[in-house]
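A.B. asks: The following file, target.txt, comprises compact mmCIF, C-alpha atoms:
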```txt
# COMPACT_ATOMS: atom_id res chain seq x y z
CA MET A 279 -87.46 13.87 -3.01
CA ALA A 280 -84.79 16.07 -1.37
CA GLN A 281 -86.02 19.38 -0.03
CA GLN A 282 -84.54 22.41 -1.77
CA GLU A 283 -82.71 25.09 0.14
CA PRO A 284 -84.50 28.48 0.10
CA GLU A 285 -81.82 30.06 -2.10
CA GLU A 286 -82.27 27.26 -4.66
CA LEU A 287 -85.85 28.39 -5.16
CA LEU A 288 -84.72 31.83 -6.31
CA GLU A 289 -84.63 32.25 -10.04
CA LEU A 290 -82.56 34.90 -11.73
CA SER A 291 -83.25 35.38 -15.41
CA SER A 292 -80.57 34.34 -17.88
CA GLY A 293 -80.12 38.02 -18.74
CA THR A 294 -79.46 38.96 -15.12
CA ARG A 295 -77.13 36.01 -14.68
CA GLY A 296 -75.16 37.07 -17.75
CA ILE A 297 -74.83 40.66 -16.50
CA LEU A 298 -73.51 39.51 -13.14
CA GLU A 299 -70.97 37.11 -14.59
CA GLU A 300 -69.74 39.61 -17.19
CA HIS A 301 -68.94 42.23 -14.57
CA ASP A 302 -67.61 40.03 -11.71
CA LEU A 303 -70.65 40.55 -9.50
CA ARG A 304 -72.73 38.10 -7.45
CA PRO A 305 -75.94 38.40 -5.41
CA LEU A 306 -75.39 38.28 -1.66
CA TRP A 307 -77.32 35.06 -1.05
CA GLU A 308 -74.93 33.13 -3.34
CA VAL A 309 -71.76 34.46 -1.73
CA GLU A 310 -72.43 32.39 1.41
CA ASP A 311 -71.43 29.14 -0.28
CA ASP A 312 -67.84 30.24 -0.85
CA MET A 313 -67.08 31.62 2.60
CA GLY A 314 -63.97 30.09 4.16
CA HIS A 315 -61.59 30.42 1.19
CA VAL A 316 -58.73 32.89 0.90
CA LEU A 317 -57.22 34.06 -2.38
CA GLU A 318 -53.45 34.20 -2.06
CA ASP A 319 -52.82 37.03 -4.52
CA PRO A 320 -55.83 39.34 -4.89
CA ASP A 321 -55.59 41.77 -7.79
CA SER A 322 -56.17 45.50 -8.06
CA ASP A 323 -59.39 45.99 -10.03
CA ILE A 324 -62.27 48.37 -10.71
CA TRP A 325 -66.05 48.01 -10.97
CA LYS A 326 -67.78 50.70 -13.05
CA TRP A 327 -70.99 52.18 -11.67
CA GLU A 328 -72.92 51.79 -14.92
CA ASP A 329 -72.26 48.02 -14.80
CA ILE A 330 -73.19 47.82 -11.10
CA GLN A 331 -76.38 49.80 -11.76
CA THR A 332 -77.37 47.50 -14.60
CA ALA A 333 -76.90 44.47 -12.36
CA ILE A 334 -78.83 46.08 -9.49
CA ASP A 335 -81.76 46.96 -11.75
CA ALA A 336 -81.86 43.42 -13.10
CA ILE A 337 -81.77 41.82 -9.62
CA GLU A 338 -84.46 44.22 -8.38
CA GLU A 339 -86.71 43.24 -11.26
CA ASP A 340 -86.16 39.51 -10.69
CA VAL A 341 -86.23 39.22 -6.89
CA PRO A 342 -88.43 40.93 -4.26
CA ILE A 343 -86.82 41.16 -0.82
CA ALA A 344 -89.62 39.03 0.66
CA ASP A 345 -88.54 36.06 -1.53
CA LEU A 346 -84.94 36.00 -0.31
CA PRO A 347 -83.75 33.34 2.16
CA PRO A 348 -83.65 34.16 5.89
CA GLY A 349 -80.46 35.94 6.87
CA PHE A 350 -79.92 37.15 3.32
CA GLN A 351 -82.99 39.32 2.93
CA ARG A 352 -80.91 42.06 1.44
CA ARG A 353 -80.85 42.74 -2.30
CA VAL A 354 -77.14 43.29 -2.87
CA ALA A 355 -74.73 43.16 -5.79
CA VAL A 356 -71.30 42.07 -4.51
CA PRO A 357 -68.06 42.92 -6.38
CA ILE A 358 -66.03 39.71 -6.56
CA ASN A 359 -62.24 39.91 -6.53
CA THR A 360 -61.43 36.98 -4.23
CA ALA A 361 -63.57 33.88 -3.72
CA ASN A 362 -66.44 35.84 -2.23
CA ALA A 363 -65.59 39.53 -1.76
CA ILE A 364 -63.53 42.47 -2.96
CA SER A 365 -60.62 41.50 -0.67
CA ASN A 366 -59.58 38.94 1.94
CA THR A 367 -60.44 41.34 4.77
CA ILE A 368 -63.11 43.78 3.54
CA TYR A 369 -66.52 43.00 2.04
CA VAL A 370 -68.25 45.62 -0.11
CA GLY A 371 -71.76 45.32 -1.52
CA ILE A 372 -74.18 47.70 -3.19
CA GLN A 373 -77.64 47.36 -1.67
CA THR A 374 -81.01 48.71 -2.79
CA VAL A 375 -84.39 48.93 -1.07
CA SER A 376 -87.40 49.78 -3.22
CA PRO A 377 -90.31 52.00 -2.13
CA GLY A 378 -92.42 50.33 0.56
CA GLU A 379 -89.86 47.58 1.24
CA THR A 380 -88.18 46.62 4.50
CA ALA A 381 -84.92 44.71 4.75
CA PRO A 382 -85.80 42.76 7.93
CA SER A 383 -84.05 43.30 11.25
CA HIS A 384 -81.14 41.14 12.30
CA ARG A 385 -77.80 41.45 14.09
CA HIS A 386 -74.38 39.84 13.77
CA GLY A 387 -70.85 39.82 15.09
CA ALA A 388 -69.34 41.53 12.06
CA ASN A 389 -68.75 45.27 12.07
CA ALA A 390 -70.66 47.10 9.33
CA LEU A 391 -71.46 50.51 7.94
CA ARG A 392 -73.63 52.08 5.25
CA PHE A 393 -72.43 54.85 2.95
CA THR A 394 -75.40 56.31 1.10
CA ILE A 395 -75.04 56.54 -2.68
CA ASP A 396 -78.52 57.64 -3.68
CA GLY A 397 -80.78 58.26 -0.68
CA HIS A 398 -83.49 60.50 0.70
CA GLU A 399 -85.11 61.59 3.97
CA GLU A 400 -87.67 58.75 3.95
CA MET A 401 -85.02 56.03 3.51
CA LYS A 402 -83.94 55.02 7.02
CA THR A 403 -81.63 52.51 8.56
CA VAL A 404 -82.75 51.68 12.10
CA VAL A 405 -79.86 50.83 14.44
CA ALA A 406 -80.14 50.13 18.17
CA GLY A 407 -83.59 51.68 18.38
CA GLU A 408 -82.92 54.92 16.45
CA GLU A 409 -83.99 55.80 12.90
CA PHE A 410 -81.15 57.34 10.91
CA PRO A 411 -82.15 59.07 7.65
CA MET A 412 -79.97 57.99 4.73
CA LYS A 413 -79.14 61.11 2.73
CA ASP A 414 -76.55 61.24 -0.03
CA ASN A 415 -73.00 60.52 1.19
CA ASP A 416 -74.00 60.00 4.83
CA LEU A 417 -71.97 57.34 6.65
CA ILE A 418 -73.86 55.34 9.30
CA THR A 419 -72.27 52.77 11.58
CA THR A 420 -73.82 49.39 12.36
CA PRO A 421 -71.74 48.13 15.30
CA GLN A 422 -71.39 44.53 16.35
CA TRP A 423 -74.49 42.87 17.72
CA GLU A 424 -76.85 45.80 17.23
CA TRP A 425 -80.26 45.19 15.68
CA HIS A 426 -80.58 46.89 12.30
CA ASP A 427 -83.15 47.02 9.54
CA HIS A 428 -83.59 49.21 6.47
CA VAL A 429 -86.97 50.83 5.74
CA ASN A 430 -87.97 52.75 2.61
CA ASP A 431 -91.06 54.82 3.37
CA GLY A 432 -90.55 57.04 0.32
CA ASP A 433 -91.43 56.68 -3.34
CA GLU A 434 -87.90 56.31 -4.76
CA THR A 435 -85.49 53.38 -4.64
CA ALA A 436 -82.44 54.04 -2.46
CA ALA A 437 -78.92 52.63 -2.89
CA TRP A 438 -75.92 52.51 -0.59
CA LEU A 439 -72.58 50.88 0.00
CA ASP A 440 -72.40 48.08 2.58
CA VAL A 441 -68.94 47.58 4.10
CA LEU A 442 -68.21 44.75 6.56
CA ASP A 443 -65.19 42.90 7.93
CA LEU A 444 -66.79 39.54 7.06
CA PRO A 445 -63.90 38.17 4.96
CA LEU A 446 -61.46 38.82 7.79
CA VAL A 447 -63.66 36.92 10.24
CA LEU A 448 -64.89 34.12 8.00
CA ASP A 449 -61.96 33.65 5.63
CA SER A 450 -58.70 34.96 7.06
CA LEU A 451 -59.49 33.96 10.67
CA ASN A 452 -61.68 30.98 9.71
CA ALA A 453 -64.06 31.99 12.49
CA LYS A 454 -67.85 32.16 12.77
CA ASN A 455 -70.01 35.23 12.29
CA THR A 456 -72.50 35.06 15.16
CA PHE A 457 -75.92 35.92 13.74
CA GLU A 458 -79.49 36.33 15.00
CA TYR A 459 -82.84 37.26 13.47
CA HIS A 460 -85.19 39.69 15.16
CA GLU A 461 -88.69 38.42 15.92
CA LEU A 462 -90.05 41.44 13.98
CA ASP A 463 -89.20 42.66 10.49
CA ARG A 464 -88.97 46.19 11.90
CA GLN A 465 -87.36 46.59 15.30
CA PRO A 466 -89.18 48.95 17.69
CA VAL A 467 -87.97 52.54 17.51
CA THR A 468 -87.11 53.27 21.15
CA LYS A 469 -84.84 56.31 20.79
CA THR A 470 -85.68 59.85 19.68
CA PRO A 471 -83.89 61.23 16.58
CA GLY A 472 -80.37 62.32 17.44
CA TYR A 473 -80.07 60.23 20.62
CA TRP A 474 -76.80 58.47 19.75
CA GLU A 475 -75.21 61.67 18.45
CA SER A 476 -76.15 63.45 21.67
CA GLN A 477 -74.42 60.78 23.75
CA TYR A 478 -71.16 60.89 21.82
CA GLY A 479 -70.73 64.61 21.12
CA ARG A 480 -68.74 67.01 23.28
CA ALA A 481 -70.87 66.34 26.36
CA ARG A 482 -70.55 62.75 27.59
CA ASP A 483 -72.25 60.52 30.11
CA TYR A 484 -70.73 61.25 33.53
CA ASP A 485 -70.88 57.62 34.61
CA GLU A 486 -69.78 55.47 31.70
CA THR A 487 -70.35 52.34 33.79
CA LYS A 488 -74.08 52.77 33.32
CA ARG A 489 -73.84 51.95 29.63
CA ASP A 490 -75.80 48.87 28.63
CA GLY A 491 -74.62 46.59 25.91
CA ILE A 492 -72.66 48.60 23.35
CA PRO A 493 -72.00 46.69 21.23
CA GLY A 494 -72.87 43.27 22.66
CA PRO A 495 -71.35 40.06 24.03
CA PHE A 496 -67.91 40.64 22.50
CA GLU A 497 -64.85 41.65 24.49
CA GLY A 498 -61.47 43.09 23.60
CA LYS A 499 -59.02 45.90 24.15
CA CYS A 500 -60.61 48.44 21.79
CA GLU A 501 -63.28 51.01 22.56
CA ALA A 502 -66.64 49.76 21.25
CA THR A 503 -68.04 51.63 18.24
CA PRO A 504 -71.49 53.15 18.89
CA PRO A 505 -74.30 53.63 16.38
CA TYR A 506 -73.63 56.97 14.69
CA ARG A 507 -74.51 58.98 11.59
CA PHE A 508 -71.81 61.13 10.04
CA GLY A 509 -73.80 63.69 8.02
CA TRP A 510 -72.08 64.52 4.74
CA ASN A 511 -72.51 68.31 5.00
CA ASP A 512 -70.41 68.41 8.17
CA THR A 513 -67.78 66.09 6.72
CA LEU A 514 -67.53 68.07 3.49
CA GLU A 515 -67.21 71.36 5.40
CA ALA A 516 -64.34 69.92 7.48
CA LEU A 517 -62.67 68.65 4.31
CA ARG A 518 -62.96 72.07 2.63
CA GLN A 519 -61.54 73.79 5.70
CA ARG A 520 -58.59 71.40 5.59
CA ALA A 521 -57.98 72.21 1.91
CA ASP A 522 -58.22 75.97 2.54
CA ASN A 523 -55.81 75.98 5.47
CA ASP A 524 -53.44 73.00 5.40
CA THR A 525 -50.85 71.30 3.22
CA PRO A 526 -51.97 68.13 1.41
CA ASP A 527 -50.44 64.77 2.24
CA PRO A 528 -48.16 63.82 -0.68
CA HIS A 529 -49.84 60.42 -1.06
CA ASP A 530 -53.45 61.01 0.01
CA GLY A 531 -54.21 64.68 -0.65
CA TYR A 532 -56.46 66.30 1.94
CA SER A 533 -57.68 63.43 4.06
CA LEU A 534 -59.93 63.20 7.14
CA SER A 535 -60.53 60.02 9.12
CA TYR A 536 -63.94 58.98 10.41
CA VAL A 537 -63.23 58.54 14.12
CA ASN A 538 -64.80 56.23 16.66
CA PRO A 539 -67.27 58.59 18.39
CA ALA A 540 -66.64 56.87 21.73
CA SER A 541 -62.91 57.56 21.74
CA GLY A 542 -62.68 60.51 19.36
CA LYS A 543 -59.87 58.72 17.52
CA PRO A 544 -59.49 56.49 14.46
CA PRO A 545 -60.01 53.76 13.51
CA LEU A 546 -63.79 53.77 13.21
CA PHE A 547 -63.81 49.99 13.84
CA PRO A 548 -60.99 47.86 15.31
CA THR A 549 -60.71 46.07 11.96
CA MET A 550 -61.35 48.83 9.41
CA SER A 551 -60.51 52.49 8.97
CA PHE A 552 -62.33 55.01 6.74
CA ARG A 553 -61.47 58.44 5.40
CA ALA A 554 -62.87 61.14 3.15
CA GLN A 555 -60.15 62.13 0.71
CA LEU A 556 -60.08 65.33 -1.38
CA LEU A 557 -57.72 65.24 -4.36
CA GLN A 558 -56.81 68.39 -6.27
CA GLU A 559 -53.56 67.31 -7.91
CA GLU A 560 -51.56 64.19 -8.74
CA THR A 561 -50.16 62.42 -5.68
CA ASP A 562 -46.76 60.82 -5.18
CA PRO A 563 -46.37 57.04 -5.61
CA HIS A 564 -46.12 54.87 -2.51
CA PHE A 565 -46.95 51.34 -1.34
CA HIS A 566 -48.02 49.54 1.82
CA ASN A 567 -48.97 46.05 2.97
CA ALA A 568 -52.63 46.93 3.73
CA THR A 569 -55.54 46.57 1.30
CA GLU A 570 -57.28 49.78 0.24
CA VAL A 571 -60.76 49.96 -1.29
CA TYR A 572 -62.12 53.19 -2.76
CA PHE A 573 -65.54 54.55 -3.63
CA VAL A 574 -65.66 57.62 -5.87
CA ILE A 575 -67.95 60.15 -4.19
CA GLU A 576 -67.49 62.73 -6.93
CA GLY A 577 -65.13 63.61 -9.77
CA GLU A 578 -63.06 61.51 -12.13
CA GLY A 579 -59.48 60.55 -12.71
CA ALA A 580 -57.20 57.53 -12.58
CA THR A 581 -55.30 55.57 -9.96
CA HIS A 582 -52.08 54.12 -11.35
CA VAL A 583 -51.28 50.72 -9.84
CA GLY A 584 -48.04 49.23 -11.09
CA ASN A 585 -48.24 49.48 -14.87
CA GLU A 586 -52.04 49.65 -14.91
CA ALA A 587 -54.29 52.71 -14.83
CA LEU A 588 -57.66 52.24 -13.12
CA GLU A 589 -59.74 55.01 -14.72
CA TRP A 590 -62.60 56.02 -12.47
CA SER A 591 -65.59 58.35 -12.32
CA GLN A 592 -68.45 59.02 -9.89
CA TRP A 593 -69.71 56.01 -7.89
CA ASP A 594 -67.13 53.57 -9.25
CA VAL A 595 -65.56 51.10 -6.80
CA PHE A 596 -61.92 50.01 -7.02
CA VAL A 597 -59.37 48.15 -4.94
CA VAL A 598 -55.60 48.55 -4.58
CA ALA A 599 -53.99 45.26 -3.63
CA PRO A 600 -51.33 45.08 -0.89
CA ASP A 601 -47.71 46.01 -1.78
CA GLU A 602 -48.65 47.58 -5.11
CA ILE A 603 -47.00 50.91 -5.95
CA HIS A 604 -49.81 53.35 -6.67
CA HIS A 605 -50.75 57.01 -6.93
CA HIS A 606 -53.87 59.06 -7.72
CA ASP A 607 -54.26 61.44 -10.66
CA PRO A 608 -57.57 63.36 -10.52
CA ASP A 609 -58.98 65.17 -13.52
CA GLY A 610 -59.59 68.44 -11.70
CA GLU A 611 -61.00 67.90 -8.20
CA ALA A 612 -62.25 64.57 -6.86
CA ILE A 613 -63.45 63.18 -3.53
CA LEU A 614 -62.97 59.52 -2.57
CA LEU A 615 -64.12 57.37 0.33
CA GLY A 616 -61.07 55.35 1.36
CA MET A 617 -61.44 52.06 3.23
CA THR A 618 -58.57 49.99 4.60
CA ASP A 619 -57.71 47.02 6.81
CA ARG A 620 -54.67 48.90 8.13
CA PRO A 621 -55.87 48.67 11.79
CA VAL A 622 -55.47 44.88 11.67
CA PHE A 623 -51.80 45.20 10.73
CA GLU A 624 -51.22 47.99 13.26
CA ALA A 625 -52.70 45.85 16.05
CA PHE A 626 -49.78 43.43 15.59
CA ASN A 627 -47.13 46.07 14.77
CA LEU A 628 -46.99 44.73 11.22
CA TYR A 629 -48.07 47.75 9.17
CA ALA A 630 -45.44 48.92 6.65
CA GLU A 631 -45.52 51.83 4.21
CA ALA A 632 -42.91 53.54 2.07
CA ALA A 633 -42.59 56.04 -0.76
CA ALA A 634 -41.72 54.52 -4.12
CA GLN A 635 -38.10 54.96 -5.14
```
Re-express the file's structure as structure tokens.
C.D. replies:
Amino acid sequence: MAQQEPEELLELSSGTRGILEEHDLRPLWEVEDDMGHVLEDPDSDIWKWEDIQTAIDAIEEDVPIADLPPGFQRRVAVPINTANAISNTIYVGIQTVSPGETAPSHRHGANALRFTIDGHEEMKTVVAGEEFPMKDNDLITTPQWEWHDHVNDGDETAAWLDVLDLPLVLDSLNAKNTFEYHELDRQPVTKTPGYWESQYGRARDYDETKRDGIPGPFEGKCEATPPYRFGWNDTLEALRQRADNDTPDPHDGYSLSYVNPASGKPPLFPTMSFRAQLLQEETDPHFHNATEVYFVIEGEGATHVGNEALEWSQWDVFVVAPDEIHHHDPDGEAILLGMTDRPVFEAFNLYAEAAAQ
């Protein structure tokens, strides 16, 4: 009798399976099978939070983290727009960790970050030896080849957005994502709170050559991204100051990029750029050849893509496909997290953008 793969032993109820299929979602451990396929013409689309939440609740009820296969011990609902992700370059998933659970420590070659949707002080992601609390709307980097695990020591389930460049590596480049498990579920905490922030603030290490292994065995021309937590209060204050003092961009409103703390410049990762975007009025239509994914931090409105209106509200996720004419129309004030693969195009001098005629 043939031995079953670990993921084949997992049983989702028919109700959970129906919810996932109805709303174009899949659990993370099933996405693996379709890696290595590129969709030629990905569409613009939207995933409503109430549907995502229903799927998450159903998966959480069916599957404890401890029962998931090694390497996929993360309970994640993945929006599916291409064969296995939201785009051919950017992967987005919505992950939850229940009270008392640990998503075990591992590391990989893909760049990743967490944007907290519903968090608290006792929900922590541990990266490179430091515990980072996951409070609402915090953005925390998980650089290449850094150990990371997620630990919920509180009494409430936490949820966040996972964003990785996996499709670019696995699908578009047809390359391998180097991966390793830690010998412990929880990596040792070897840094005091605030260590990484202290090393990449205004005061810097005098002798940069003493740095050891950020981010790992990968080499290139870009400054490595360190572990870092962008607290939402600071980001929101900067965004408000921009709105009170500056003129909005005609296409993006008031927009601030998350910079690489090592260089002080965008993009945050060599393959992905992120921005907090405050909209107070309708923007002008434009188009570009990069993919853009959005998460609605707060507010509601619509993004018009071609002849279609993607109507969104808080915590919805939507994607604008390349070369589609689009503009935003908030109902009052709204704040979005914008994510794009623009740095990939800029690296080859291939990025193109223009206002719609």
A.B. asks: Just give me the gap between atom CA of Gln373 of chain A and atom CA of Asp427 of chain A in Å, one decimal is fine.
C.D. replies: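 Between atom CA of Gln373 of chain A and atom CA of Asp427 of chain A the gap works out to 12.5 Å.
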A.B. asks: When distances are computed from all atoms listed in the file, which of A:Trp423, A:Tyr532, A:Phe393, A:Trp307 shows the smallest separation from Leu290 of chain A?
C.D. replies: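 Answer, going by the shortest atom-to-atom distance: A:Trp307.
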A.B. asks: Between A:Gln331, A:Thr380, A:Gln519, A:Ser551, which has the minimum distance to Val356 of chain A (counting only C-alpha atoms)?
C.D. replies: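 Closest residue, counting only C-alpha atoms: A:Gln331.
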A.B. asks: What lies within 10 Å of segment 613-617 of chain A using only C-alpha atoms, ignoring chain neighbours under 6 positions off, as a tab-separated table (two decimals) with C-alpha atoms, keeping the file's coordinate frame?
C.D. replies:
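Produced file selection28.tsv, reproduced below:
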```
chain	number	residue	atom	x	y	z
A	368	ILE	CA	-63.11	43.78	3.54
A	370	VAL	CA	-68.25	45.62	-0.11
A	393	PHE	CA	-72.43	54.85	2.95
A	415	ASN	CA	-73.00	60.52	1.19
A	441	VAL	CA	-68.94	47.58	4.10
A	514	LEU	CA	-67.53	68.07	3.49
A	517	LEU	CA	-62.67	68.65	4.31
A	530	ASP	CA	-53.45	61.01	0.01
A	531	GLY	CA	-54.21	64.68	-0.65
A	532	TYR	CA	-56.46	66.30	1.94
A	533	SER	CA	-57.68	63.43	4.06
A	534	LEU	CA	-59.93	63.20	7.14
A	535	SER	CA	-60.53	60.02	9.12
A	550	MET	CA	-61.35	48.83	9.41
A	551	SER	CA	-60.51	52.49	8.97
A	552	PHE	CA	-62.33	55.01	6.74
A	553	ARG	CA	-61.47	58.44	5.40
A	554	ALA	CA	-62.87	61.14	3.15
A	555	GLN	CA	-60.15	62.13	0.71
A	556	LEU	CA	-60.08	65.33	-1.38
A	557	LEU	CA	-57.72	65.24	-4.36
A	558	GLN	CA	-56.81	68.39	-6.27
A	569	THR	CA	-55.54	46.57	1.30
A	570	GLU	CA	-57.28	49.78	0.24
A	571	VAL	CA	-60.76	49.96	-1.29
A	572	TYR	CA	-62.12	53.19	-2.76
A	573	PHE	CA	-65.54	54.55	-3.63
A	574	VAL	CA	-65.66	57.62	-5.87
A	575	ILE	CA	-67.95	60.15	-4.19
A	576	GLU	CA	-67.49	62.73	-6.93
A	577	GLY	CA	-65.13	63.61	-9.77
A	578	GLU	CA	-63.06	61.51	-12.13
A	592	GLN	CA	-68.45	59.02	-9.89
A	593	TRP	CA	-69.71	56.01	-7.89
A	594	ASP	CA	-67.13	53.57	-9.25
A	595	VAL	CA	-65.56	51.10	-6.80
A	596	PHE	CA	-61.92	50.01	-7.02
A	597	VAL	CA	-59.37	48.15	-4.94
```
A.B. asks: Would you mind reading off the distance between atom CA of Ala333 of chain A and atom CA of Ala580 of chain A, one decimal, in Å?
C.D. replies: 23.6 Å
A.B. asks: From the set A:Asp321, A:Asp431, A:Asp443, A:Glu602, which residue has the shortest atom-to-atom contact distance to Asp619 of chain A, counting only C-alpha atoms?
C.D. replies: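 Of A:Asp321, A:Asp431, A:Asp443, A:Glu602, the one nearest Asp619 of chain A, counting only C-alpha atoms, is A:Asp443.
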A.B. asks: In Å, rounded to a single decimal, give me how far atom CA of Ala587 of chain A is from atom CA of Ile334 of chain A.
C.D. replies: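 Between atom CA of Ile334 of chain A and atom CA of Ala587 of chain A the gap works out to 26.0 Å.
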A.B. asks: Could N, CA and C atoms be built for segment 502-521 of chain A and written out as an mmCIF file, in the frame of the given file?
C.D. replies:
```cif
data_model
loop_
_atom_site.group_PDB
_atom_site.id
_atom_site.type_symbol
_atom_site.label_atom_id
_atom_site.label_comp_id
_atom_site.auth_asym_id
_atom_site.auth_seq_id
_atom_site.Cartn_x
_atom_site.Cartn_y
_atom_site.Cartn_z
ATOM 1 N N ALA A 502 -65.539 50.195 22.111
ATOM 2 C CA ALA A 502 -66.640 49.760 21.250
ATOM 3 C C ALA A 502 -67.122 50.924 20.387
ATOM 4 N N THR A 503 -67.530 50.615 19.159
ATOM 5 C CA THR A 503 -68.040 51.630 18.240
ATOM 6 C C THR A 503 -69.548 51.774 18.443
ATOM 7 N N PRO A 504 -70.052 52.968 18.705
ATOM 8 C CA PRO A 504 -71.490 53.150 18.890
ATOM 9 C C PRO A 504 -72.211 53.352 17.569
ATOM 10 N N PRO A 505 -73.538 53.220 17.557
ATOM 11 C CA PRO A 505 -74.300 53.630 16.380
ATOM 12 C C PRO A 505 -74.109 55.139 16.168
ATOM 13 N N TYR A 506 -73.901 55.552 14.937
ATOM 14 C CA TYR A 506 -73.630 56.970 14.690
ATOM 15 C C TYR A 506 -73.824 57.291 13.224
ATOM 16 N N ARG A 507 -74.348 58.486 12.966
ATOM 17 C CA ARG A 507 -74.510 58.980 11.590
ATOM 18 C C ARG A 507 -73.598 60.175 11.375
ATOM 19 N N PHE A 508 -72.666 60.034 10.444
ATOM 20 C CA PHE A 508 -71.810 61.130 10.040
ATOM 21 C C PHE A 508 -72.484 61.824 8.851
ATOM 22 N N GLY A 509 -73.143 62.970 9.098
ATOM 23 C CA GLY A 509 -73.800 63.690 8.020
ATOM 24 C C GLY A 509 -72.770 64.252 7.048
ATOM 25 N N TRP A 510 -73.061 64.140 5.754
ATOM 26 C CA TRP A 510 -72.080 64.520 4.740
ATOM 27 C C TRP A 510 -71.784 66.017 4.758
ATOM 28 N N ASN A 511 -72.754 66.862 5.021
ATOM 29 C CA ASN A 511 -72.510 68.310 5.000
ATOM 30 C C ASN A 511 -71.416 68.690 5.988
ATOM 31 N N ASP A 512 -71.442 68.108 7.173
ATOM 32 C CA ASP A 512 -70.410 68.410 8.170
ATOM 33 C C ASP A 512 -69.048 67.881 7.726
ATOM 34 N N THR A 513 -69.040 66.674 7.178
ATOM 35 C CA THR A 513 -67.780 66.090 6.720
ATOM 36 C C THR A 513 -67.178 66.900 5.590
ATOM 37 N N LEU A 514 -68.013 67.304 4.636
ATOM 38 C CA LEU A 514 -67.530 68.070 3.490
ATOM 39 C C LEU A 514 -66.987 69.433 3.945
ATOM 40 N N GLU A 515 -67.676 70.077 4.889
ATOM 41 C CA GLU A 515 -67.210 71.360 5.400
ATOM 42 C C GLU A 515 -65.828 71.209 6.042
ATOM 43 N N ALA A 516 -65.636 70.158 6.844
ATOM 44 C CA ALA A 516 -64.340 69.920 7.480
ATOM 45 C C ALA A 516 -63.256 69.673 6.430
ATOM 46 N N LEU A 517 -63.618 68.954 5.378
ATOM 47 C CA LEU A 517 -62.670 68.650 4.310
ATOM 48 C C LEU A 517 -62.274 69.933 3.564
ATOM 49 N N ARG A 518 -63.241 70.797 3.301
ATOM 50 C CA ARG A 518 -62.960 72.070 2.630
ATOM 51 C C ARG A 518 -62.082 72.971 3.503
ATOM 52 N N GLN A 519 -62.366 72.991 4.792
ATOM 53 C CA GLN A 519 -61.540 73.790 5.700
ATOM 54 C C GLN A 519 -60.095 73.287 5.693
ATOM 55 N N ARG A 520 -59.938 71.980 5.650
ATOM 56 C CA ARG A 520 -58.590 71.400 5.590
ATOM 57 C C ARG A 520 -57.880 71.853 4.300
ATOM 58 N N ALA A 521 -58.580 71.821 3.183
ATOM 59 C CA ALA A 521 -57.980 72.210 1.910
ATOM 60 C C ALA A 521 -57.643 73.700 1.864
#
```
